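K.L.:
Input upload14.pdb, format and content: PDB, C-alpha atoms and all ligand atoms.
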ATOM      1  CA  MET L   2      -1.371  15.378  -4.402  1.00  0.00           C
ATOM      2  CA  LYS L   3       2.124  15.532  -5.866  1.00  0.00           C
ATOM      3  CA  THR L   4       2.460  19.276  -5.209  1.00  0.00           C
ATOM      4  CA  ASP L   5       1.275  18.561  -1.687  1.00  0.00           C
ATOM      5  CA  ILE L   6       4.049  16.026  -1.167  1.00  0.00           C
ATOM      6  CA  GLN L   7       6.544  18.321  -2.850  1.00  0.00           C
ATOM      7  CA  GLU L   8       5.628  21.154  -0.508  1.00  0.00           C
ATOM      8  CA  LYS L   9       6.036  18.903   2.513  1.00  0.00           C
ATOM      9  CA  LEU L  10       9.382  17.652   1.222  1.00  0.00           C
ATOM     10  CA  THR L  11      10.551  21.244   0.788  1.00  0.00           C
ATOM     11  CA  GLU L  12       9.428  21.973   4.326  1.00  0.00           C
ATOM     12  CA  LEU L  13      11.318  18.901   5.563  1.00  0.00           C
ATOM     13  CA  ALA L  14      14.400  20.049   3.633  1.00  0.00           C
ATOM     14  CA  PHE L  15      14.188  23.462   5.274  1.00  0.00           C
ATOM     15  CA  ASN L  16      13.800  21.917   8.722  1.00  0.00           C
ATOM     16  CA  ARG L  17      16.778  19.632   8.270  1.00  0.00           C
ATOM     17  CA  THR L  18      19.140  22.330   7.011  1.00  0.00           C
ATOM     18  CA  THR L  19      20.635  25.567   8.324  1.00  0.00           C
ATOM     19  CA  PRO L  20      20.979  28.810   6.367  1.00  0.00           C
ATOM     20  CA  PHE L  21      24.605  29.314   5.420  1.00  0.00           C
ATOM     21  CA  CYS L  22      26.526  32.382   4.220  1.00  0.00           C
ATOM     22  CA  TYR L  23      28.942  31.127   1.617  1.00  0.00           C
ATOM     23  CA  GLY L  24      30.818  34.454   1.407  1.00  0.00           C
ATOM     24  CA  CYS L  25      31.720  34.398   5.113  1.00  0.00           C
ATOM     25  CA  TYR L  26      31.548  30.608   5.282  1.00  0.00           C
ATOM     26  CA  VAL L  27      29.495  30.598   8.459  1.00  0.00           C
ATOM     27  CA  LYS L  28      26.107  29.330   9.524  1.00  0.00           C
ATOM     28  CA  ALA L  29      23.391  31.927   9.699  1.00  0.00           C
ATOM     29  CA  PRO L  30      20.621  30.175  11.617  1.00  0.00           C
ATOM     30  CA  LYS L  31      18.611  33.384  11.975  1.00  0.00           C
ATOM     31  CA  GLY L  32      18.302  33.755   8.215  1.00  0.00           C
ATOM     32  CA  VAL L  33      20.667  36.744   8.113  1.00  0.00           C
ATOM     33  CA  CYS L  34      24.457  36.476   8.247  1.00  0.00           C
ATOM     34  CA  SER L  35      25.750  38.020  11.476  1.00  0.00           C
ATOM     35  CA  HIS L  36      28.985  39.105   9.684  1.00  0.00           C
ATOM     36  CA  CYS L  37      27.892  40.627   6.388  1.00  0.00           C
ATOM     37  CA  HIS L  38      24.152  40.898   7.086  1.00  0.00           C
ATOM     38  CA  SER L  39      23.330  39.166   3.824  1.00  0.00           C
ATOM     39  CA  ASP L  40      20.108  37.199   3.603  1.00  0.00           C
ATOM     40  CA  ASP L  41      21.119  35.640   0.316  1.00  0.00           C
ATOM     41  CA  LEU L  42      21.968  32.322   1.877  1.00  0.00           C
ATOM     42  CA  MET L  43      22.684  28.743   0.901  1.00  0.00           C
ATOM     43  CA  ARG L  44      21.461  25.724   2.862  1.00  0.00           C
ATOM     44  CA  GLU L  45      23.786  23.503   4.852  1.00  0.00           C
ATOM     45  CA  LEU L  46      22.937  19.866   5.403  1.00  0.00           C
ATOM     46  CA  GLU L  47      25.102  18.717   8.286  1.00  0.00           C
ATOM     47  CA  GLY L  48      27.781  16.290   7.133  1.00  0.00           C
ATOM     48  CA  VAL L  49      26.645  16.419   3.513  1.00  0.00           C
ATOM     49  CA  GLY L  50      27.311  19.838   2.083  1.00  0.00           C
ATOM     50  CA  VAL L  51      26.328  23.394   1.291  1.00  0.00           C
ATOM     51  CA  GLU L  52      24.341  24.392  -1.799  1.00  0.00           C
ATOM     52  CA  TRP L  53      21.679  26.781  -3.023  1.00  0.00           C
ATOM     53  CA  GLY L  54      18.067  25.749  -2.731  1.00  0.00           C
ATOM     54  CA  THR L  55      16.419  22.630  -1.358  1.00  0.00           C
ATOM     55  CA  GLU L  56      16.178  20.388  -4.450  1.00  0.00           C
ATOM     56  CA  TRP L  57      19.469  18.675  -3.644  1.00  0.00           C
ATOM     57  CA  VAL L  58      18.434  18.196   0.001  1.00  0.00           C
ATOM     58  CA  ILE L  59      15.192  16.513  -1.084  1.00  0.00           C
ATOM     59  CA  LYS L  60      17.114  14.296  -3.478  1.00  0.00           C
ATOM     60  CA  HIS L  61      19.466  13.308  -0.674  1.00  0.00           C
ATOM     61  CA  ILE L  62      16.639  12.555   1.784  1.00  0.00           C
ATOM     62  CA  LEU L  63      14.799  10.427  -0.801  1.00  0.00           C
ATOM     63  CA  GLN L  64      17.953   8.500  -1.647  1.00  0.00           C
ATOM     64  CA  GLU L  65      18.893   7.894   1.959  1.00  0.00           C
ATOM     65  CA  GLU L  66      15.510   7.172   3.475  1.00  0.00           C
ATOM     66  CA  LEU L  67      13.363   5.625   0.767  1.00  0.00           C
ATOM     67  CA  THR L  68      13.838   2.847  -1.735  1.00  0.00           C
ATOM     68  CA  ALA L  69      13.024   3.682  -5.310  1.00  0.00           C
ATOM     69  CA  ILE L  70      10.600   1.221  -6.877  1.00  0.00           C
ATOM     70  CA  ASP L  71      11.876  -1.465  -9.207  1.00  0.00           C
ATOM     71  CA  THR L  72       9.173  -0.963 -11.851  1.00  0.00           C
ATOM     72  CA  ASP L  73      10.073  -4.200 -13.629  1.00  0.00           C
ATOM     73  CA  GLU L  74       9.544  -6.159 -10.422  1.00  0.00           C
ATOM     74  CA  VAL L  75       6.257  -4.395  -9.631  1.00  0.00           C
ATOM     75  CA  PHE L  76       4.965  -5.084 -13.132  1.00  0.00           C
ATOM     76  CA  GLU L  77       6.061  -8.704 -12.960  1.00  0.00           C
ATOM     77  CA  ASP L  78       4.175  -9.163  -9.678  1.00  0.00           C
ATOM     78  CA  SER L  79       1.044  -7.729 -11.226  1.00  0.00           C
ATOM     79  CA  ILE L  80       1.309 -10.029 -14.266  1.00  0.00           C
ATOM     80  CA  ARG L  81       1.874 -13.041 -12.009  1.00  0.00           C
ATOM     81  CA  GLY L  82      -1.351 -12.088 -10.264  1.00  0.00           C
ATOM     82  CA  CYS L  83      -3.284 -11.917 -13.550  1.00  0.00           C
ATOM     83  CA  TYR L  84      -2.138 -15.043 -15.362  1.00  0.00           C
ATOM     84  CA  PRO L  85      -1.490 -18.659 -14.398  1.00  0.00           C
ATOM     85  CA  GLU L  86       2.027 -19.186 -13.057  1.00  0.00           C
ATOM     86  CA  GLU L  87       2.743 -21.777 -15.773  1.00  0.00           C
ATOM     87  CA  THR L  88       1.774 -22.012 -19.406  1.00  0.00           C
ATOM     88  CA  VAL L  89       1.743 -25.258 -21.354  1.00  0.00           C
ATOM     89  CA  VAL L  90       3.520 -25.132 -24.690  1.00  0.00           C
ATOM     90  CA  GLY L  91       3.252 -28.528 -26.360  1.00  0.00           C
ATOM     91  CA  TRP L  92       4.508 -30.882 -23.701  1.00  0.00           C
ATOM     92  CA  LEU L  93       6.405 -28.203 -21.767  1.00  0.00           C
ATOM     93  CA  LYS L  94       5.137 -26.430 -18.680  1.00  0.00           C
ATOM     94  CA  LEU L  95       6.831 -23.060 -18.736  1.00  0.00           C
ATOM     95  CA  ASP L  96       6.924 -20.014 -16.514  1.00  0.00           C
ATOM     96  CA  THR L  97       4.404 -17.590 -18.043  1.00  0.00           C
ATOM     97  CA  VAL L  98       6.367 -14.443 -17.215  1.00  0.00           C
ATOM     98  CA  GLU L  99       9.615 -15.882 -18.556  1.00  0.00           C
ATOM     99  CA  ILE L 100       7.897 -16.800 -21.838  1.00  0.00           C
ATOM    100  CA  LEU L 101       6.429 -13.319 -22.190  1.00  0.00           C
ATOM    101  CA  LYS L 102       9.781 -11.684 -21.481  1.00  0.00           C
ATOM    102  CA  SER L 103      11.809 -13.905 -23.740  1.00  0.00           C
ATOM    103  CA  GLN L 104       9.353 -14.189 -26.631  1.00  0.00           C
ATOM    104  CA  ASP L 105       8.559 -10.519 -26.925  1.00  0.00           C
ATOM    105  CA  PRO L 106      10.802  -8.298 -24.823  1.00  0.00           C
ATOM    106  CA  ILE L 107       9.606  -5.163 -26.635  1.00  0.00           C
ATOM    107  CA  SER L 108       5.935  -5.679 -25.829  1.00  0.00           C
ATOM    108  CA  TRP L 109       6.961  -6.562 -22.270  1.00  0.00           C
ATOM    109  CA  ARG L 110       8.703  -3.209 -21.908  1.00  0.00           C
ATOM    110  CA  ILE L 111       5.798  -1.317 -23.497  1.00  0.00           C
ATOM    111  CA  ALA L 112       3.269  -3.015 -21.222  1.00  0.00           C
ATOM    112  CA  ARG L 113       5.486  -2.374 -18.185  1.00  0.00           C
ATOM    113  CA  ASP L 114       5.805   1.324 -19.024  1.00  0.00           C
ATOM    114  CA  GLU L 115       2.046   1.618 -19.551  1.00  0.00           C
ATOM    115  CA  TYR L 116       1.459  -0.082 -16.228  1.00  0.00           C
ATOM    116  CA  THR L 117       3.908   2.283 -14.518  1.00  0.00           C
ATOM    117  CA  ASP L 118       2.139   5.277 -16.107  1.00  0.00           C
ATOM    118  CA  SER L 119      -1.206   4.027 -14.859  1.00  0.00           C
ATOM    119  CA  LEU L 120       0.159   3.676 -11.309  1.00  0.00           C
ATOM    120  CA  GLU L 121       1.435   7.231 -11.548  1.00  0.00           C
ATOM    121  CA  GLN L 122      -1.916   8.485 -12.859  1.00  0.00           C
ATOM    122  CA  ASP L 123      -3.704   6.687 -10.027  1.00  0.00           C
ATOM    123  CA  GLU L 124      -1.281   8.479  -7.684  1.00  0.00           C
ATOM    124  CA  GLU L 125       0.004   5.280  -6.160  1.00  0.00           C
ATOM    125  CA  ILE L 126       3.558   6.132  -7.157  1.00  0.00           C
ATOM    126  CA  VAL L 127       5.313   9.479  -7.518  1.00  0.00           C
ATOM    127  CA  SER L 128       8.383  10.614  -9.404  1.00  0.00           C
ATOM    128  CA  PHE L 129      10.239  13.870  -8.852  1.00  0.00           C
ATOM    129  CA  ASP L 130      12.708  13.419 -11.689  1.00  0.00           C
ATOM    130  CA  GLY L 131      10.482  12.794 -14.666  1.00  0.00           C
ATOM    131  CA  GLY L 132      10.267   9.050 -14.210  1.00  0.00           C
ATOM    132  CA  SER L 133      13.870   8.013 -13.507  1.00  0.00           C
ATOM    133  CA  ASN L 134      12.938   7.086  -9.950  1.00  0.00           C
ATOM    134  CA  TYR L 135       9.512   6.280  -8.575  1.00  0.00           C
ATOM    135  CA  TYR L 136       8.471   6.064  -4.939  1.00  0.00           C
ATOM    136  CA  TRP L 137       5.361   4.558  -3.374  1.00  0.00           C
ATOM    137  CA  LYS L 138       3.044   7.288  -2.209  1.00  0.00           C
ATOM    138  CA  HIS L 139       2.476   5.506   1.128  1.00  0.00           C
ATOM    139  CA  ASP L 140       6.260   5.426   1.718  1.00  0.00           C
ATOM    140  CA  LEU L 141       6.461   9.162   1.095  1.00  0.00           C
ATOM    141  CA  GLU L 142       3.516   9.770   3.385  1.00  0.00           C
ATOM    142  CA  SER L 143       5.085   7.848   6.247  1.00  0.00           C
ATOM    143  CA  LEU L 144       8.356   9.731   5.709  1.00  0.00           C
ATOM    144  CA  LEU L 145       6.473  13.017   5.928  1.00  0.00           C
ATOM    145  CA  GLU L 146       4.267  12.170   8.887  1.00  0.00           C
TER
HETATM  146 ZN    ZN U   1      28.097  36.631   5.463  1.00  0.00          ZN
END
Show me this structure written as structure tokens.
Ligand SMILES: [Zn+2]
P.N.:
Amino acid sequence: MKTDIQEKLTELAFNRTTPFCYGCYVKAPKGVCSHCHSDDLMRELEGVGVEWGTEWVIKHILQEELTAIDTDEVFEDSIRGCYPEETVVGWLKLDTVEILKSQDPISWRIARDEYTDSLEQDEEIVSFDGGSNYYWKHDLESLLE
């Protein structure tokens, strides 16, 4: 699934960019430079820049057109769905999530990271940078439609 999306993103990056000969500093839309006949070309993304490869183009498209997931927020929503909104401690009615976070921030973070991993394993979310940024799969799919 992820390689599928990655392939489509690469395709999108190719479609949105123009081959560019850096030596002659001209566009080479045919894939061969009309000056030096080189086919060793960079990619130009209009108004953004010129670089080798498509990784940077993909990164730019993701940044501009999708919102990375706030994993803390997603986890919090899931916990709020699993437990009562308020927990009674003695005579206090307290916000369950706030108690969990404040009483044991380490276990909160561990549980959040496990939850994030499980979403990734279930292919609901995808990361292309080893987990620094996650995107919803359905967002990626609508971008690539
Ligand atoms: Zn050239």
K.L.:
Which residue, L:Cys37, L:Lys138, L:Arg17, L:Glu56, has the smallest gap to Gln122 of chain L when you use only C-alpha atoms?
P.N.:
L:Lys138
K.L.:
Check every protein, DNA and RNA residue against ligand ZN 1 (chain U), keep those with an atom at most 10 Å away (counting only C-alpha atoms and all ligand atoms), and present them as a list in words.
P.N.:
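These are the residues that qualify: Phe21, Cys22, Tyr23, Gly24, Cys25, Tyr26, Val27, Lys28, Ala29, Val33, Cys34, Ser35, His36, Cys37, His38, Ser39, Asp40, Asp41 and Leu42 of chain L.
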K.L.:
Distance atom CA of Asp140 of chain L-atom CA of Asp71 of chain L, one decimal place?
P.N.:
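Computing it gives 14.1 Å between the two atoms.
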K.L.:
Suppose you want the space between atom CA of Tyr84 of chain L and atom CA of Leu120 of chain L; what is it in Å?
P.N.:
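Answer for the atom CA of Tyr84 of chain L to atom CA of Leu120 of chain L separation: 19.3 Å.
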K.L.:
Calculate how many Å separate atom CA of Tyr135 of chain L from atom CA of Asp5 of chain L, rounding to one decimal.
P.N.:
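Going from atom CA of Tyr135 of chain L over to atom CA of Asp5 of chain L, I get 16.3 Å.
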K.L.:
Please list as a compact mmCIF listing (two decimals) with C-alpha atoms, in the frame of the given file every residue within 10 Å of Tyr116 of chain L, counting all atoms listed in the file and excluding residues in the same chain fewer than 3 positions away.
P.N.:
# COMPACT_ATOMS: atom_id res chain seq x y z
CA THR L 72 9.17 -0.96 -11.85
CA ASP L 73 10.07 -4.20 -13.63
CA VAL L 75 6.26 -4.39 -9.63
CA PHE L 76 4.96 -5.08 -13.13
CA SER L 79 1.04 -7.73 -11.23
CA ARG L 110 8.70 -3.21 -21.91
CA ILE L 111 5.80 -1.32 -23.50
CA ALA L 112 3.27 -3.02 -21.22
CA ARG L 113 5.49 -2.37 -18.18
CA SER L 119 -1.21 4.03 -14.86
CA LEU L 120 0.16 3.68 -11.31
CA GLU L 121 1.44 7.23 -11.55
CA GLN L 122 -1.92 8.48 -12.86
K.L.:
Identify all residues satisfying the PyMOL selection byres (((chain L and resi 133) around 12) and not hetatm) in the given file; provide them as a list of chain:residue names.
P.N.:
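For this structure, the PyMOL selection byres (((chain L and resi 133) around 12) and not hetatm) captures L:Ala69, L:Ile70, L:Asp71, L:Thr72, L:Asp114, L:Thr117, L:Val127, L:Ser128, L:Phe129, L:Asp130, L:Gly131, L:Gly132, L:Asn134, L:Tyr135, L:Tyr136.
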K.L.:
Determine the residue membership of the PyMOL selection byres (((chain L and resi 9) around 12) and not hetatm) for the file above and supply it as a ChimeraX atom specification.
P.N.:
/L:2-8,10-16,55,59,141-146
K.L.:
Of the residues L:Thr19, L:Glu47, L:Ile100, L:Thr68, which is the one nearest to Lys31 of chain L, using all atoms listed in the file?
P.N.:
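Smallest separation from Lys31 of chain L among the options: L:Thr19.
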K.L.:
Show which residues sit within 7 Å of Asp96 of chain L, as a ChimeraX atom specification. Count only C-alpha atoms, and ignore same-chain residues fewer than 5 positions away.
P.N.:
/L:86-88
K.L.:
Measuring between all atoms listed in the file, which one of L:Val98, L:Glu124, L:Leu63, L:Gln104 shows the shortest distance to Cys83 of chain L?
P.N.:
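Smallest distance to Cys83 of chain L is found for L:Val98.
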